[in-house]
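Peer 1: Starting off with a structure, shown below.
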Amino acid sequence: MRAEGIANVRRILCLFPRYTSSFGTFEYAYPLTDGVRAFMPPQGLLLIAAYLPAHWPVRFIDENIRAATAEDFEWAEAVLVSGMHVQRRQMNDICRRAHAHDLTVAIGGPSVSACPDYYPSFDYLHVGELGDATDELIARLSRDPSRPEQQVVLKTVDRLDMTRFPIPAYELAEIPRYFLGSIQYSSGCPYQCEFCDIPGLYGRNPRLKTPQQITAELYKLLECGIMGADYLVGDNFIGNRKAALDLLPHLVEWQKKTGYVLRFSCEATLNIAKRPEILAGMREAYFATIFCGIETPDPVALKAMHKDHNMMVPIMEAIQTLNSFGMEVVSGIILGLDTDKPETGQHLLEFIEASQIPLLTINLLQALPKTPLWERLERENRLIEDEGRDSNVDFRLPYDDVITTWRACMGRAYQPDKLLERYEYQITQTYPHRLQPPPSPERASWKNIKLGLIMLRNIFWKVGVLGDYKLHFWRFALRRLARGEIEYLISSALVAHHLIKFARDASSGHTNASYYSLKLQQASVPAE
Ligand code: SF4
């Protein structure tokens, strides 16, 4: 549905800020692709763009792809911005640029919803999800698009049911410029891990879209040029197990109709390993990757952070179960926990080697507002607001030791030979369990083949010829070529290249230890 009953016409500029370089944005992989410039289409802003009155002209710009120009600001009557904490500095910068053109600027999304006081200069703060605050914002802009005399805070009390969400305005975004496609499937999580702000922001009772909404979005993404992979965004794919089971046959049907052109991925708690019926459905729907917040292999630490559900199945066994359904596990890891010991880094490296997980986002603990961790550390007087630090947590271990451990882990885990060995394991032990999609004209299309050839050329030239780990690369690549594993070669080489390069920055101190750190860093992809 859309906002209705609005008489006036307003020109709206939806601006998505640049990301600060991080493990999860894959920017070092972009030069190996055919023109990818950004990670995933921003769901929230594209949703709002679709919800605006149908007769309002909307311009959408993702500044990871191109920067808004003076002409864009001159065209607009108001600017809408959304983003996460990690984009805070860039969002405030957009506000400054819009105000230079005397434009009204409204901000919504997860960061402002958790921390309204991070955004003192914005004219409107939209706190919470799509709902009555959105209607109020639209009504105010319709009545008068000029800047209010003082900041107005609009808080959503009545959320719009997700089953009534419009399809995000994917047609406004340059979908082929994104590394991954994405669809928001659910919101909220029933668990309460101490460090996580999801239950506080979105509730413990997961809200979901219907299977029909998901397949309609998939068709639209396909029309807009999506290729390769799509991430079903949601805080926990099995937050509502029945809903996950209901969705999967629809995804299977969609894959059959469209020729298996997309691989799916999602985020779920590790106890999904106890649900073989869901895993079997995911295999049939061609899920290739699953992100699990393992956080730490230490059971004492898991208990302390209230993530006991990670221990419902022994962690190694759970990983192997997911692998046996053809899914590669991607894992989140946290260092700097109260339970960490001087030997934690060594234990983590041993875990990485034993689990054979190629991609682990190793972050430093950061206390986010609206989390039980924040409240505890505030009580213990252990929150430190200092932009020169990599975390706002006063660790139990000496700060420098924690940072040194993080750097050492990044440096060693992502040595090219070690990482490519882990990919070798996945290709030989996990991927053979995947569904082998039937040949289809869509998969064998000239567009797909051309894309593969371009990426292969880029990989061979930029990694195999110009790269500084070419011997390791060729040892890995020649085995893939000999076995005809071209698709695996491309997908693993792209991700591996980013991880190797990013980890080098990290271990040499050129990037933050915490994804959420306020420490000033260069933004990832310069908008031109
Ligand atoms: S399971 Fe994941 S999404 Fe749910 S509370 Fe824990 S960290 Fe957050």
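Following the order of the structure tokens, chains are lettered A, B, ..., residues in each are numbered from 1, and ligands are numbered from 1.
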What's around Ile490 (chain A) at 9 Å? Count only C-alpha atoms, leave out sequence neighbours fewer than 5 positions away in its own chain, and write the answer as number ranges by chain.
Peer 2: A: 452, 455-456, 459, 485, 495
Peer 1: Residues contacting ligand 1 - anything with an atom at most 8 Å away, using only C-alpha atoms and all ligand atoms - can you give me those as a PyMOL selection string?
Peer 2: chain A and resi 188-199+235-236+268-269+292-293+307
Peer 1: Do you have, as a Markdown table, the list of residues of region 182-289 of chain A lying at most 9 Å from region 153-165 of chain A, each with its nearest atom pair and that distance in Å to one decimal, counting only C-alpha atoms and ordered by chain then number?
Peer 2:
| residue | atom | partner | partner_atom | distance |
| --- | --- | --- | --- | --- |
| A:Ser186 | CA | A:Met162 | CA | 8.2 |
| A:Ser187 | CA | A:Met162 | CA | 8.8 |
| A:Arg207 | CA | A:Met162 | CA | 6.6 |
| A:Leu208 | CA | A:Met162 | CA | 6.0 |
| A:Lys209 | CA | A:Thr163 | CA | 5.0 |
| A:Thr210 | CA | A:Thr163 | CA | 6.0 |
| A:Gln213 | CA | A:Thr163 | CA | 7.5 |
Peer 1: Let's have the selection written as a PDB file, in the first residue's frame, with all heavy atoms.
Peer 2:
ATOM      1  N   SER A 186      11.848 -10.656   7.156  1.00  0.00           N
ATOM      2  CA  SER A 186      11.257 -10.600   8.497  1.00  0.00           C
ATOM      3  C   SER A 186      11.926  -9.495   9.305  1.00  0.00           C
ATOM      4  O   SER A 186      12.940  -8.921   8.910  1.00  0.00           O
ATOM      5  CB  SER A 186      11.429 -11.938   9.207  1.00  0.00           C
ATOM      6  OG  SER A 186      12.793 -12.145   9.510  1.00  0.00           O
ATOM      7  N   SER A 187      11.363  -9.242  10.455  1.00  0.00           N
ATOM      8  CA  SER A 187      11.908  -8.223  11.354  1.00  0.00           C
ATOM      9  C   SER A 187      11.665  -8.685  12.786  1.00  0.00           C
ATOM     10  O   SER A 187      10.564  -9.116  13.120  1.00  0.00           O
ATOM     11  CB  SER A 187      11.193  -6.901  11.065  1.00  0.00           C
ATOM     12  OG  SER A 187      11.511  -5.949  12.033  1.00  0.00           O
ATOM     13  N   ARG A 207       8.011 -10.321  12.808  1.00  0.00           N
ATOM     14  CA  ARG A 207       6.971  -9.956  11.840  1.00  0.00           C
ATOM     15  C   ARG A 207       7.476 -10.383  10.473  1.00  0.00           C
ATOM     16  O   ARG A 207       8.675 -10.328  10.199  1.00  0.00           O
ATOM     17  CB  ARG A 207       6.744  -8.449  11.888  1.00  0.00           C
ATOM     18  CG  ARG A 207       6.343  -7.972  13.272  1.00  0.00           C
ATOM     19  CD  ARG A 207       6.674  -6.513  13.458  1.00  0.00           C
ATOM     20  NE  ARG A 207       5.824  -5.671  12.623  1.00  0.00           N
ATOM     21  CZ  ARG A 207       6.259  -4.640  11.920  1.00  0.00           C
ATOM     22  NH1 ARG A 207       7.542  -4.328  11.915  1.00  0.00           N
ATOM     23  NH2 ARG A 207       5.439  -3.911  11.200  1.00  0.00           N
ATOM     24  N   LEU A 208       6.548 -10.770   9.622  1.00  0.00           N
ATOM     25  CA  LEU A 208       6.982 -11.377   8.361  1.00  0.00           C
ATOM     26  C   LEU A 208       6.161 -10.896   7.179  1.00  0.00           C
ATOM     27  O   LEU A 208       4.998 -10.540   7.335  1.00  0.00           O
ATOM     28  CB  LEU A 208       6.792 -12.901   8.444  1.00  0.00           C
ATOM     29  CG  LEU A 208       7.561 -13.595   9.542  1.00  0.00           C
ATOM     30  CD1 LEU A 208       6.630 -14.439  10.369  1.00  0.00           C
ATOM     31  CD2 LEU A 208       8.652 -14.432   8.940  1.00  0.00           C
ATOM     32  N   LYS A 209       6.798 -10.980   6.019  1.00  0.00           N
ATOM     33  CA  LYS A 209       6.046 -10.793   4.781  1.00  0.00           C
ATOM     34  C   LYS A 209       5.453 -12.144   4.369  1.00  0.00           C
ATOM     35  O   LYS A 209       5.958 -13.199   4.791  1.00  0.00           O
ATOM     36  CB  LYS A 209       6.981 -10.288   3.677  1.00  0.00           C
ATOM     37  CG  LYS A 209       7.372  -8.834   3.849  1.00  0.00           C
ATOM     38  CD  LYS A 209       8.246  -8.380   2.708  1.00  0.00           C
ATOM     39  CE  LYS A 209       8.719  -6.956   2.920  1.00  0.00           C
ATOM     40  NZ  LYS A 209       9.805  -6.596   2.003  1.00  0.00           N
ATOM     41  N   THR A 210       4.457 -12.105   3.524  1.00  0.00           N
ATOM     42  CA  THR A 210       3.872 -13.359   3.047  1.00  0.00           C
ATOM     43  C   THR A 210       4.755 -13.943   1.936  1.00  0.00           C
ATOM     44  O   THR A 210       5.508 -13.207   1.281  1.00  0.00           O
ATOM     45  CB  THR A 210       2.470 -13.120   2.454  1.00  0.00           C
ATOM     46  OG1 THR A 210       2.623 -12.260   1.309  1.00  0.00           O
ATOM     47  CG2 THR A 210       1.536 -12.477   3.465  1.00  0.00           C
ATOM     48  N   GLN A 213       4.318 -12.020  -1.211  1.00  0.00           N
ATOM     49  CA  GLN A 213       5.086 -10.761  -1.292  1.00  0.00           C
ATOM     50  C   GLN A 213       6.529 -11.035  -1.702  1.00  0.00           C
ATOM     51  O   GLN A 213       7.107 -10.317  -2.518  1.00  0.00           O
ATOM     52  CB  GLN A 213       5.086 -10.053   0.066  1.00  0.00           C
ATOM     53  CG  GLN A 213       3.802  -9.332   0.410  1.00  0.00           C
ATOM     54  CD  GLN A 213       3.873  -8.767   1.821  1.00  0.00           C
ATOM     55  OE1 GLN A 213       3.842  -9.527   2.799  1.00  0.00           O
ATOM     56  NE2 GLN A 213       3.975  -7.469   1.951  1.00  0.00           N
TER      57      GLN A 213
END
Peer 1: Counting only C-alpha atoms, give me one row per residue of region 357-454 of chain A with an atom at most 12 Å from an atom of region 80-89 of chain A, showing the shortest contact pair and its distance in Å to one decimal, sorted by chain then residue number, as a tab-separated table.
Peer 2:
residue	atom	partner	partner_atom	distance
A:Gln366	CA	A:His85	CA	11.5
A:Ala367	CA	A:His85	CA	11.8
A:Leu368	CA	A:His85	CA	9.2
A:Pro369	CA	A:His85	CA	10.4
A:Glu387	CA	A:Arg89	CA	11.8
Peer 1: Excluding same-chain residues fewer than 4 positions from Lys303 (chain A), what lies within 12 Å of it counting only C-alpha atoms, as a ChimeraX atom specification?
Peer 2: /A:192-194,295-299,307-312,337-339
Peer 1: Would you mind exporting C-alpha atoms of the selected residues as an mmCIF file, in the first residue's frame?
Peer 2:
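Result file follows (again04.cif):
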data_model
loop_
_atom_site.group_PDB
_atom_site.id
_atom_site.type_symbol
_atom_site.label_atom_id
_atom_site.label_comp_id
_atom_site.auth_asym_id
_atom_site.auth_seq_id
_atom_site.Cartn_x
_atom_site.Cartn_y
_atom_site.Cartn_z
ATOM 1 C CA GLN A 192 17.941 -11.642 23.673
ATOM 2 C CA CYS A 193 21.679 -11.810 23.157
ATOM 3 C CA GLU A 194 23.231 -9.256 25.451
ATOM 4 C CA GLU A 295 30.246 -15.014 18.152
ATOM 5 C CA THR A 296 32.703 -17.226 20.042
ATOM 6 C CA PRO A 297 33.554 -20.899 20.312
ATOM 7 C CA ASP A 298 33.819 -20.510 24.114
ATOM 8 C CA PRO A 299 30.727 -21.981 25.890
ATOM 9 C CA LYS A 307 23.416 -16.923 23.589
ATOM 10 C CA ASP A 308 22.873 -20.396 25.015
ATOM 11 C CA HIS A 309 20.867 -21.341 21.933
ATOM 12 C CA ASN A 310 24.195 -21.594 20.091
ATOM 13 C CA MET A 311 24.966 -24.595 22.278
ATOM 14 C CA MET A 312 21.816 -26.594 21.556
ATOM 15 C CA LEU A 337 34.262 -10.052 25.663
ATOM 16 C CA ASP A 338 34.487 -9.990 29.448
ATOM 17 C CA THR A 339 35.226 -13.706 29.376
#
Peer 1: Pick from A:Asn271, A:Glu171, A:Pro110, A:Asn205: nearest to Met316 (chain A), with only C-alpha atoms counted?
Peer 2: A:Asn271
Peer 1: Which residues are close to Cys266 (chain A), i.e. within 6 Å by only C-alpha atoms, leaving aside same-chain residues fewer than 5 positions away? Reply as number ranges by chain.
Peer 2: A: 231-232, 290
Peer 1: Can those selected residues be exported to a file as an mmCIF file, in the first residue's frame so that it contains N, CA and C atoms?
Peer 2:
data_model
loop_
_atom_site.group_PDB
_atom_site.id
_atom_site.type_symbol
_atom_site.label_atom_id
_atom_site.label_comp_id
_atom_site.auth_asym_id
_atom_site.auth_seq_id
_atom_site.Cartn_x
_atom_site.Cartn_y
_atom_site.Cartn_z
ATOM 1 N N TYR A 231 19.979 -12.004 -0.906
ATOM 2 C CA TYR A 231 20.028 -12.189 0.547
ATOM 3 C C TYR A 231 18.636 -11.936 1.106
ATOM 4 N N LEU A 232 18.076 -12.931 1.765
ATOM 5 C CA LEU A 232 16.780 -12.735 2.421
ATOM 6 C C LEU A 232 17.059 -12.094 3.776
ATOM 7 N N ILE A 290 24.712 -19.354 4.567
ATOM 8 C CA ILE A 290 23.919 -19.007 5.739
ATOM 9 C C ILE A 290 24.828 -18.296 6.744
#
Peer 1: For CA of Leu397 (chain A) and CA of Arg504 (chain A), determine how far apart the two atoms are, in Å to one decimal place.
Peer 2: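 It comes out at 24.3 Å.
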Peer 1: Would you return as a VMD selection string the members of region 337-422 of chain A that DSSP assigns to strand (DSSP E or B) on this structure's backbone?
Peer 2: chain A and resid 360 to 364 383 393
Peer 1: Rounded to one decimal, what separation in Å do you get between CA of Arg480 (chain A) and CA of Gln255 (chain A)?
Peer 2: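 So the answer is 26.2 Å.
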Peer 1: Which residues, written as a PyMOL selection string, have at least one atom at most 8 Å from Pro120 (chain A), with only C-alpha atoms counted and residues fewer than 3 positions away on the same chain left out?
Peer 2: chain A and resi 116-117+151
Peer 1: Leaving out Pro53 (chain A) and any residue of its chain fewer than 5 positions from it, which residues lie within 8 Å of it when counting only C-alpha atoms, given as a VMD selection string?
Peer 2: chain A and resid 2 to 4 6
Peer 1: With only C-alpha atoms as the basis for distance, which of A:Arg422, A:Arg389, A:Arg59, A:Arg412 is at the shortest distance from Ala354 (chain A)?
Peer 2: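 Once distances to Ala354 (chain A) are computed over only C-alpha atoms, the minimum belongs to A:Arg422.
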Peer 1: Please return, as a PyMOL selection string, all residues of region 178-207 of chain A that DSSP assigns to helix (DSSP H, G or I) on the basis of the backbone.
Peer 2: chain A and resi 198-202
Peer 1: What lies within 9 Å of region 60-69 of chain A using only C-alpha atoms, ignoring chain neighbours under 2 positions off, as a VMD selection string?
Peer 2: chain A and resid 12 to 19 36 to 39 41 to 42 45 to 46 49 58 71 to 74 172 to 174 177 to 178 524 to 528
Peer 1: Can you spit out the residues from that selection as a CSV table (one decimal), in the first residue's frame, using C-alpha atoms?
Peer 2:
chain,number,residue,atom,x,y,z
A,12,ILE,CA,11.6,14.0,-2.8
A,13,LEU,CA,15.2,13.1,-3.0
A,14,CYS,CA,16.0,9.8,-1.2
A,15,LEU,CA,19.7,9.7,-0.4
A,16,PHE,CA,21.5,6.7,1.0
A,17,PRO,CA,24.9,7.5,2.6
A,18,ARG,CA,28.2,5.9,1.8
A,19,TYR,CA,29.4,3.0,3.9
A,36,VAL,CA,29.5,-3.3,-9.2
A,37,ARG,CA,29.7,-0.2,-7.0
A,38,ALA,CA,27.8,-1.0,-3.8
A,39,PHE,CA,26.9,-3.9,-1.5
A,41,PRO,CA,20.2,-2.2,-2.3
A,42,PRO,CA,19.1,-0.2,0.8
A,45,LEU,CA,14.8,3.8,1.8
A,46,LEU,CA,13.5,2.0,-1.2
A,49,ALA,CA,10.2,5.6,-1.7
A,58,VAL,CA,11.0,10.6,-6.3
A,71,GLU,CA,21.3,19.8,-9.5
A,72,ASP,CA,19.8,17.0,-7.5
A,73,PHE,CA,19.5,19.2,-4.4
A,74,GLU,CA,18.1,22.1,-6.5
A,172,LEU,CA,14.7,3.5,-8.9
A,173,ALA,CA,17.9,1.8,-8.0
A,174,GLU,CA,20.6,0.5,-10.3
A,177,ARG,CA,25.5,-2.2,-9.7
A,178,TYR,CA,25.0,-4.1,-6.4
A,524,SER,CA,34.8,3.0,1.4
A,525,VAL,CA,33.9,3.8,-2.1
A,526,PRO,CA,34.5,7.4,-3.1
A,527,ALA,CA,31.4,8.8,-4.8
A,528,GLU,CA,32.5,10.8,-7.8
Peer 1: For Met1 (chain A), which residue out of A:Ala243, A:Leu141, A:Ile167, A:Cys95 is the nearest one, using only C-alpha atoms?
Peer 2: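 Nearest candidate to Met1 (chain A) out of A:Ala243, A:Leu141, A:Ile167, A:Cys95: A:Ile167.
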Peer 1: With only C-alpha atoms as the atoms that count, which of A:Arg379, A:Lys242, A:Lys462, A:Arg479 lies nearest to Ile278 (chain A)?
Peer 2: A:Lys242
